$ cat entry.cif   # mmCIF, C-alpha atoms
data_target
loop_
_atom_site.label_atom_id
_atom_site.label_comp_id
_atom_site.auth_asym_id
_atom_site.auth_seq_id
_atom_site.Cartn_x
_atom_site.Cartn_y
_atom_site.Cartn_z
CA MET F 446 0.00 0.00 0.00
CA ARG F 447 2.88 2.32 0.83
CA ASP F 448 4.27 1.70 -2.62
CA ARG F 449 0.97 2.46 -4.30
CA THR F 450 0.78 5.69 -2.32
CA GLY F 451 4.29 6.49 -3.48
CA LEU F 452 3.21 5.91 -7.07
CA LEU F 453 0.26 8.26 -6.64
CA PHE F 454 2.52 10.93 -5.15
CA ALA F 455 4.94 10.59 -8.06
CA SER F 456 2.08 10.90 -10.54
CA GLU F 457 0.74 13.97 -8.72
CA ALA F 458 4.22 15.50 -8.76
CA PHE F 459 4.29 15.01 -12.52
CA CYS F 460 0.97 16.81 -12.94
CA ALA F 461 2.08 19.57 -10.55
CA ALA F 462 5.27 20.14 -12.53
CA PHE F 463 3.20 20.28 -15.72
CA ALA F 464 0.65 22.67 -14.22
CA GLY F 465 3.38 24.84 -12.71
CA ARG F 466 5.43 24.88 -15.94
CA ASP F 467 8.33 23.73 -13.80
CA TYR F 468 10.60 22.11 -16.35
CA PRO F 469 13.43 21.25 -13.91
CA ALA F 470 10.96 19.47 -11.62
CA LEU F 471 9.39 17.65 -14.56
CA GLU F 472 12.76 16.66 -15.99
CA ALA F 473 13.91 15.32 -12.61
CA LEU F 474 10.89 12.99 -12.50
CA TRP F 475 11.88 11.12 -15.67
CA ALA F 476 14.08 8.03 -15.44
CA ARG F 477 17.76 8.26 -16.24
CA ARG F 478 18.69 4.63 -16.74
CA SER F 479 15.52 3.00 -18.07
CA PRO F 480 14.30 3.47 -21.65
CA VAL F 481 11.75 6.28 -21.86
CA ALA F 482 9.03 7.15 -24.35
CA CYS F 483 6.02 9.46 -24.52
CA ILE F 484 2.78 9.70 -26.51
CA HIS F 485 1.21 13.16 -26.31
CA PRO F 486 -2.46 13.46 -27.37
CA GLY F 487 -2.67 12.97 -31.12
CA TRP F 488 1.09 12.52 -31.52
CA GLY F 489 3.13 9.49 -32.45
CA VAL F 490 5.71 7.92 -30.17
CA LEU F 491 8.64 9.96 -28.91
CA GLU F 492 11.47 7.61 -28.03
CA GLY F 493 14.43 8.39 -25.80
CA ARG F 494 15.03 10.91 -23.06
CA GLU F 495 16.29 13.67 -25.35
CA ALA F 496 13.24 13.63 -27.63
CA VAL F 497 10.83 13.36 -24.71
CA MET F 498 12.41 16.23 -22.78
CA GLU F 499 12.53 18.42 -25.88
CA SER F 500 8.79 17.89 -26.32
CA TRP F 501 8.08 18.94 -22.74
CA ARG F 502 10.25 22.04 -23.07
CA GLY F 503 8.19 22.97 -26.12
CA ILE F 504 4.85 22.27 -24.45
CA LEU F 505 5.71 24.16 -21.26
CA GLY F 506 7.31 27.01 -23.16
CA SER F 507 4.61 27.51 -25.77
CA ALA F 508 1.62 27.85 -23.46
CA GLY F 509 0.62 31.45 -22.94
CA ASN F 510 -0.49 30.60 -19.45
CA ALA F 511 0.13 27.63 -17.24
CA PRO F 512 -2.34 24.91 -18.26
CA ALA F 513 -4.44 24.36 -15.17
CA VAL F 514 -4.12 20.59 -15.34
CA SER F 515 -4.99 18.51 -12.31
CA PRO F 516 -5.22 14.75 -11.92
CA ARG F 517 -8.58 13.17 -11.06
CA ASP F 518 -9.56 9.66 -10.10
CA ALA F 519 -5.93 8.47 -10.05
CA ARG F 520 -5.43 4.72 -9.59
CA ALA F 521 -2.10 3.04 -8.91
CA PHE F 522 -1.09 -0.47 -10.00
CA LEU F 523 2.04 -2.01 -8.54
CA LEU F 524 4.22 -4.41 -10.57
CA GLY F 525 7.18 -4.94 -8.27
CA GLU F 526 9.95 -2.57 -9.31
CA ALA F 527 7.64 -0.96 -11.85
CA GLY F 528 4.15 0.47 -11.51
CA TYR F 529 1.60 2.52 -13.38
CA VAL F 530 -0.99 5.14 -12.60
CA THR F 531 -4.10 5.85 -14.64
CA CYS F 532 -5.90 9.15 -14.22
CA PHE F 533 -8.06 11.74 -15.84
CA GLU F 534 -6.20 14.94 -16.60
CA SER F 535 -8.58 17.79 -15.94
CA PHE F 536 -8.01 20.89 -18.07
CA PRO F 537 -10.26 23.94 -18.29
CA GLU F 538 -11.34 22.65 -21.73
CA GLY F 539 -12.18 19.14 -20.55
CA PHE F 540 -10.63 15.83 -19.72
CA LEU F 541 -7.92 13.64 -21.11
CA ILE F 542 -7.23 10.10 -19.94
CA ALA F 543 -3.64 9.14 -19.19
CA THR F 544 -1.29 6.37 -18.20
CA ASN F 545 1.92 7.17 -16.32
CA LEU F 546 4.40 4.31 -16.12
CA PHE F 547 7.14 4.34 -13.48
CA VAL F 548 10.18 2.34 -12.45
CA ARG F 549 12.07 2.53 -9.19
CA GLU F 550 15.45 4.21 -9.66
CA ALA F 551 17.70 5.19 -6.75
CA GLY F 552 14.83 4.53 -4.36
CA GLU F 553 12.43 6.84 -6.19
CA TRP F 554 9.59 6.28 -8.62
CA ARG F 555 10.62 7.77 -11.94
CA LEU F 556 8.61 8.09 -15.14
CA VAL F 557 9.50 5.94 -18.11
CA HIS F 558 6.37 6.42 -20.22
CA HIS F 559 3.33 8.66 -20.51
CA GLN F 560 0.39 8.33 -22.86
CA ALA F 561 -2.56 10.73 -22.86
CA GLY F 562 -5.54 10.85 -25.18
CA PRO F 563 -9.12 12.02 -25.47
CA THR F 564 -11.94 10.39 -23.53
CA ARG F 565 -15.71 10.59 -23.62
CA GLU F 566 -15.87 9.77 -19.92
CA GLN F 567 -15.27 11.81 -16.83
CA PRO F 568 -14.16 11.20 -13.26
CA GLU F 569 -16.86 9.59 -11.12
CA GLU F 570 -16.46 12.19 -8.43
CA ASP F 571 -17.52 14.89 -10.90
CA GLU F 572 -20.77 13.34 -12.01
CA ASP F 573 -22.91 15.61 -9.88
CA ASP F 574 -20.90 18.73 -10.50
CA PRO F 575 -22.70 20.94 -13.05
CA THR F 576 -19.58 23.11 -13.40
CA ARG F 577 -17.41 20.19 -14.51
CA PRO F 578 -15.55 20.51 -17.78
CA ARG F 579 -16.66 18.40 -20.70
CA ALA F 580 -14.60 15.69 -22.28
CA MET F 581 -12.31 16.81 -25.08
CA GLN F 582 -13.10 14.94 -28.29
CA MET C 553 17.77 -8.20 -27.02
CA ARG C 554 16.15 -11.59 -26.69
CA ASP C 555 13.78 -10.14 -24.12
CA ARG C 556 12.83 -7.23 -26.33
CA THR C 557 12.14 -9.67 -29.13
CA GLY C 558 9.95 -11.65 -26.74
CA LEU C 559 8.06 -8.48 -25.90
CA LEU C 560 7.49 -7.75 -29.58
CA PHE C 561 6.22 -11.28 -30.14
CA ALA C 562 3.81 -10.98 -27.21
CA SER C 563 2.51 -7.68 -28.55
CA GLU C 564 2.07 -9.20 -32.01
CA ALA C 565 0.21 -12.13 -30.50
CA PHE C 566 -2.14 -9.67 -28.83
CA CYS C 567 -2.87 -7.94 -32.14
CA ALA C 568 -3.28 -11.30 -33.88
CA ALA C 569 -5.82 -12.45 -31.28
CA PHE C 570 -7.68 -9.16 -31.73
CA ALA C 571 -7.61 -9.38 -35.52
CA GLY C 572 -8.65 -13.04 -35.43
CA ARG C 573 -11.44 -12.41 -32.91
CA ASP C 574 -9.84 -15.18 -30.89
CA TYR C 575 -11.07 -14.47 -27.39
CA PRO C 576 -9.42 -17.51 -25.72
CA ALA C 577 -6.04 -16.53 -27.17
CA LEU C 578 -6.53 -12.91 -26.15
CA GLU C 579 -7.65 -13.86 -22.65
CA ALA C 580 -4.63 -16.13 -22.20
CA LEU C 581 -2.30 -13.22 -22.94
CA TRP C 582 -3.52 -11.15 -19.98
CA ALA C 583 -1.81 -11.48 -16.60
CA ARG C 584 -3.38 -13.53 -13.87
CA ARG C 585 -1.52 -12.30 -10.80
CA SER C 586 -0.65 -8.70 -11.57
CA PRO C 587 -3.21 -5.88 -11.47
CA VAL C 588 -4.63 -5.22 -14.94
CA ALA C 589 -6.36 -2.23 -16.51
CA CYS C 590 -7.32 -1.09 -20.02
CA ILE C 591 -8.14 2.19 -21.75
CA HIS C 592 -9.94 1.67 -25.07
CA PRO C 593 -10.04 4.65 -27.47
CA GLY C 594 -12.34 7.30 -26.00
CA TRP C 595 -13.16 5.23 -22.95
CA GLY C 596 -12.29 5.72 -19.29
CA VAL C 597 -10.23 3.23 -17.29
CA LEU C 598 -11.37 -0.36 -16.94
CA GLU C 599 -9.84 -1.80 -13.79
CA GLY C 600 -9.47 -5.48 -12.96
CA ARG C 601 -9.35 -8.61 -15.03
CA GLU C 602 -13.10 -9.19 -15.05
CA ALA C 603 -13.98 -5.74 -16.39
CA VAL C 604 -11.17 -5.82 -18.95
CA MET C 605 -12.11 -9.27 -20.25
CA GLU C 606 -15.79 -8.35 -20.45
CA SER C 607 -14.86 -5.36 -22.61
CA TRP C 608 -12.86 -7.52 -25.00
CA ARG C 609 -15.67 -10.07 -25.28
CA GLY C 610 -17.96 -7.20 -26.24
CA ILE C 611 -15.54 -5.72 -28.74
CA LEU C 612 -14.74 -9.04 -30.41
CA GLY C 613 -18.37 -10.11 -30.37
CA SER C 614 -19.89 -6.91 -31.72
CA ALA C 615 -17.78 -6.47 -34.82
CA GLY C 616 -19.58 -7.64 -37.93
CA ASN C 617 -16.31 -8.71 -39.42
CA ALA C 618 -12.91 -9.24 -37.91
CA PRO C 619 -11.24 -5.84 -37.61
CA ALA C 620 -8.21 -6.12 -39.82
CA VAL C 621 -5.89 -4.64 -37.24
CA SER C 622 -2.17 -5.05 -37.61
CA PRO C 623 0.68 -3.56 -35.58
CA ARG C 624 3.10 -1.20 -37.30
CA ASP C 625 6.37 0.36 -36.17
CA ALA C 626 6.35 -1.60 -32.90
CA ARG C 627 9.07 -0.65 -30.39
CA ALA C 628 9.90 -2.59 -27.23
CA PHE C 629 11.24 -1.11 -23.99
CA LEU C 630 12.57 -3.47 -21.35
CA LEU C 631 12.23 -2.67 -17.63
CA GLY C 632 13.54 -5.85 -16.00
CA GLU C 633 10.57 -8.05 -15.14
CA ALA C 634 8.23 -5.61 -16.88
CA GLY C 635 8.33 -4.08 -20.33
CA TYR C 636 6.23 -2.09 -22.74
CA VAL C 637 5.64 -1.94 -26.46
CA THR C 638 4.43 1.09 -28.39
CA CYS C 639 2.94 0.65 -31.83
CA PHE C 640 0.58 2.01 -34.38
CA GLU C 641 -2.54 -0.11 -34.76
CA SER C 642 -3.41 -0.12 -38.44
CA PHE C 643 -7.13 -0.49 -39.20
CA PRO C 644 -8.80 -0.14 -42.60
CA GLU C 645 -10.13 3.23 -41.36
CA GLY C 646 -6.76 4.54 -40.21
CA PHE C 647 -4.33 4.39 -37.36
CA LEU C 648 -4.48 4.36 -33.61
CA ILE C 649 -1.44 4.66 -31.35
CA ALA C 650 -1.09 2.21 -28.49
CA THR C 651 0.92 1.20 -25.47
CA ASN C 652 0.97 -2.45 -24.37
CA LEU C 653 2.44 -3.03 -20.92
CA PHE C 654 3.65 -6.49 -19.93
CA VAL C 655 5.02 -8.33 -16.90
CA ARG C 656 6.76 -11.66 -16.82
CA GLU C 657 4.51 -14.33 -15.30
CA ALA C 658 5.39 -18.03 -15.33
CA GLY C 659 8.20 -17.31 -17.79
CA GLU C 660 5.92 -15.55 -20.27
CA TRP C 661 5.22 -11.94 -21.08
CA ARG C 662 1.64 -11.20 -20.12
CA LEU C 663 -0.35 -8.03 -20.62
CA VAL C 664 -1.23 -5.89 -17.63
CA HIS C 665 -2.32 -2.71 -19.39
CA HIS C 666 -3.32 -1.44 -22.82
CA GLN C 667 -4.09 2.12 -23.87
CA ALA C 668 -5.00 3.07 -27.43
CA GLY C 669 -6.03 6.44 -28.78
CA PRO C 670 -6.18 8.52 -31.95
CA THR C 671 -3.06 9.87 -33.62
CA ARG C 672 -2.39 12.37 -36.38
CA GLU C 673 0.81 10.55 -37.27
CA GLN C 674 1.47 7.37 -39.17
CA PRO C 675 4.15 4.71 -39.26
CA GLU C 676 7.37 5.88 -40.90
CA GLU C 677 7.50 2.84 -43.13
CA ASP C 678 4.19 3.90 -44.70
CA GLU C 679 5.20 7.39 -45.71
CA ASP C 680 5.72 6.52 -49.36
CA ASP C 681 2.75 4.20 -49.60
CA PRO C 682 -0.11 5.99 -51.39
CA THR C 683 -2.51 3.24 -50.35
CA ARG C 684 -1.89 3.76 -46.64
CA PRO C 685 -4.90 4.46 -44.46
CA ARG C 686 -5.27 7.89 -42.94
CA ALA C 687 -5.04 8.68 -39.27
CA MET C 688 -8.31 8.43 -37.34
CA GLN C 689 -9.10 11.75 -35.65
#
$ encode --input "entry.cif" --output "structure tokens"
Amino acid sequence: MRDRTGLLFASEAFCAAFAGRDYPALEALWARRSPVACIHPGWGVLEGREAVMESWRGILGSAGNAPAVSPRDARAFLLGEAGYVTCFESFPEGFLIATNLFVREAGEWRLVHHQAGPTREQPEEDEDDPTRPRAMQ
Amino acid sequence: MRDRTGLLFASEAFCAAFAGRDYPALEALWARRSPVACIHPGWGVLEGREAVMESWRGILGSAGNAPAVSPRDARAFLLGEAGYVTCFESFPEGFLIATNLFVREAGEWRLVHHQAGPTREQPEEDEDDPTRPRAMQ
């Protein structure tokens, strides 16, 4: 359970770095020794740390304002020395659905892969909230 | 390298079971002991083996004809006793982009998580092929 909580914290830290446009914090969360990749919404596969980090620098640098992303309904799945978190990413425009895959490196959970894409669903906790954003199609 | 090849074979077997509407083969590829989840295109998160298998029975059972899905540009990433494969899923209507996450169980690579979503990109090997399908938006 402690490990699943650690996974959730790591996933939240990733979203917080994204929301805060904190590139150094985001970069520090990605694995150094394990092979990394990333699939942004609508993109193909970015392979390797250099390509993935370059994409994040572009995304964080190009936004006029910090994207107010926050994770919702996060769920952690432990696979020994690896683990993954699924969550909705809540933006002002709506929701994406994401997988964050981690490995343990130097005693910390570090990201090796992220995939986010559109969803027609929304977090359960928001079902009665009339102010909730709509799903991005 | 042998392990990455094994991962690629497991991912191909998954696509073949999907394309062949072979539910027993597909079911056998999913992990029994590790926590499983699945994100179909546009869906939310399905959590647990029962929910994931029910979704695949529905998908395989509802298609009028076998979806002629085939993996393209598959890439394997080894994480010790876990590993993931990214690939384009080529359908007659276009491409999806997917992540297949595996763990080693009983000496075999078994699926624990699958996420697929739309992509604007296409496999590199198809760039000069005028008959290639277009990306699904």
$ resolve_selection --input "entry.cif" --expression "the PyMOL selection byres ((chain C) within 8 of (chain F))" --output "list in words"
Ser586, Pro587, Val588, Pro593, Gly594, Trp595, Gly596, Val597, Phe629, Leu630, Leu631, Ala634, Thr638, Cys639, Ile649, Thr651, Val655, Gln667, Gly669, Pro670, Thr671, Arg672, Glu673, Gln674 and Gln689 of chain C
$ write_last_selection --input "entry.cif" --atoms "C-alpha atoms" --output "PDB file, in the coordinates of the input"
ATOM      1  CA  SER C 586      -0.650  -8.700 -11.570  1.00  0.00           C
ATOM      2  CA  PRO C 587      -3.210  -5.880 -11.470  1.00  0.00           C
ATOM      3  CA  VAL C 588      -4.630  -5.220 -14.940  1.00  0.00           C
ATOM      4  CA  PRO C 593     -10.040   4.650 -27.470  1.00  0.00           C
ATOM      5  CA  GLY C 594     -12.340   7.300 -26.000  1.00  0.00           C
ATOM      6  CA  TRP C 595     -13.160   5.230 -22.950  1.00  0.00           C
ATOM      7  CA  GLY C 596     -12.290   5.720 -19.290  1.00  0.00           C
ATOM      8  CA  VAL C 597     -10.230   3.230 -17.290  1.00  0.00           C
ATOM      9  CA  PHE C 629      11.240  -1.110 -23.990  1.00  0.00           C
ATOM     10  CA  LEU C 630      12.570  -3.470 -21.350  1.00  0.00           C
ATOM     11  CA  LEU C 631      12.230  -2.670 -17.630  1.00  0.00           C
ATOM     12  CA  ALA C 634       8.230  -5.610 -16.880  1.00  0.00           C
ATOM     13  CA  THR C 638       4.430   1.090 -28.390  1.00  0.00           C
ATOM     14  CA  CYS C 639       2.940   0.650 -31.830  1.00  0.00           C
ATOM     15  CA  ILE C 649      -1.440   4.660 -31.350  1.00  0.00           C
ATOM     16  CA  THR C 651       0.920   1.200 -25.470  1.00  0.00           C
ATOM     17  CA  VAL C 655       5.020  -8.330 -16.900  1.00  0.00           C
ATOM     18  CA  GLN C 667      -4.090   2.120 -23.870  1.00  0.00           C
ATOM     19  CA  GLY C 669      -6.030   6.440 -28.780  1.00  0.00           C
ATOM     20  CA  PRO C 670      -6.180   8.520 -31.950  1.00  0.00           C
ATOM     21  CA  THR C 671      -3.060   9.870 -33.620  1.00  0.00           C
ATOM     22  CA  ARG C 672      -2.390  12.370 -36.380  1.00  0.00           C
ATOM     23  CA  GLU C 673       0.810  10.550 -37.270  1.00  0.00           C
ATOM     24  CA  GLN C 674       1.470   7.370 -39.170  1.00  0.00           C
ATOM     25  CA  GLN C 689      -9.100  11.750 -35.650  1.00  0.00           C
TER      26      GLN C 689
END
$ residues_around --input "entry.cif" --residues "region 564-571 of chain C" --least-positions-apart "5" --cutoff "8 Å" --atoms "only C-alpha atoms" --output "JSON, numbers by chain"
{"C": [577, 578, 581, 612, 618, 619, 620, 621, 622, 623]}
$ atom_distance --input "entry.cif" --atom1 "CA of Glu602 (chain C)" --atom2 "CA of Tyr575 (chain C)"
13.6 Å
$ closest_residue --input "entry.cif" --among "C:Arg573, C:Arg624, C:Arg662, C:Arg601" --to "Leu559 (chain C)" --atoms "all atoms listed in the file"
C:Arg662
$ atom_distance --input "entry.cif" --atom1 "CA of Trp661 (chain C)" --atom2 "CA of Ala562 (chain C)"
6.4 Å
$ atom_distance --input "entry.cif" --atom1 "CA of Val497 (chain F)" --atom2 "CA of Glu534 (chain F)"
18.9 Å
$ closest_residue --input "entry.cif" --among "F:Gly552, F:Gly503, F:Gly493, F:Gly465" --to "Gly451 (chain F)" --atoms "all atoms listed in the file"
F:Gly552
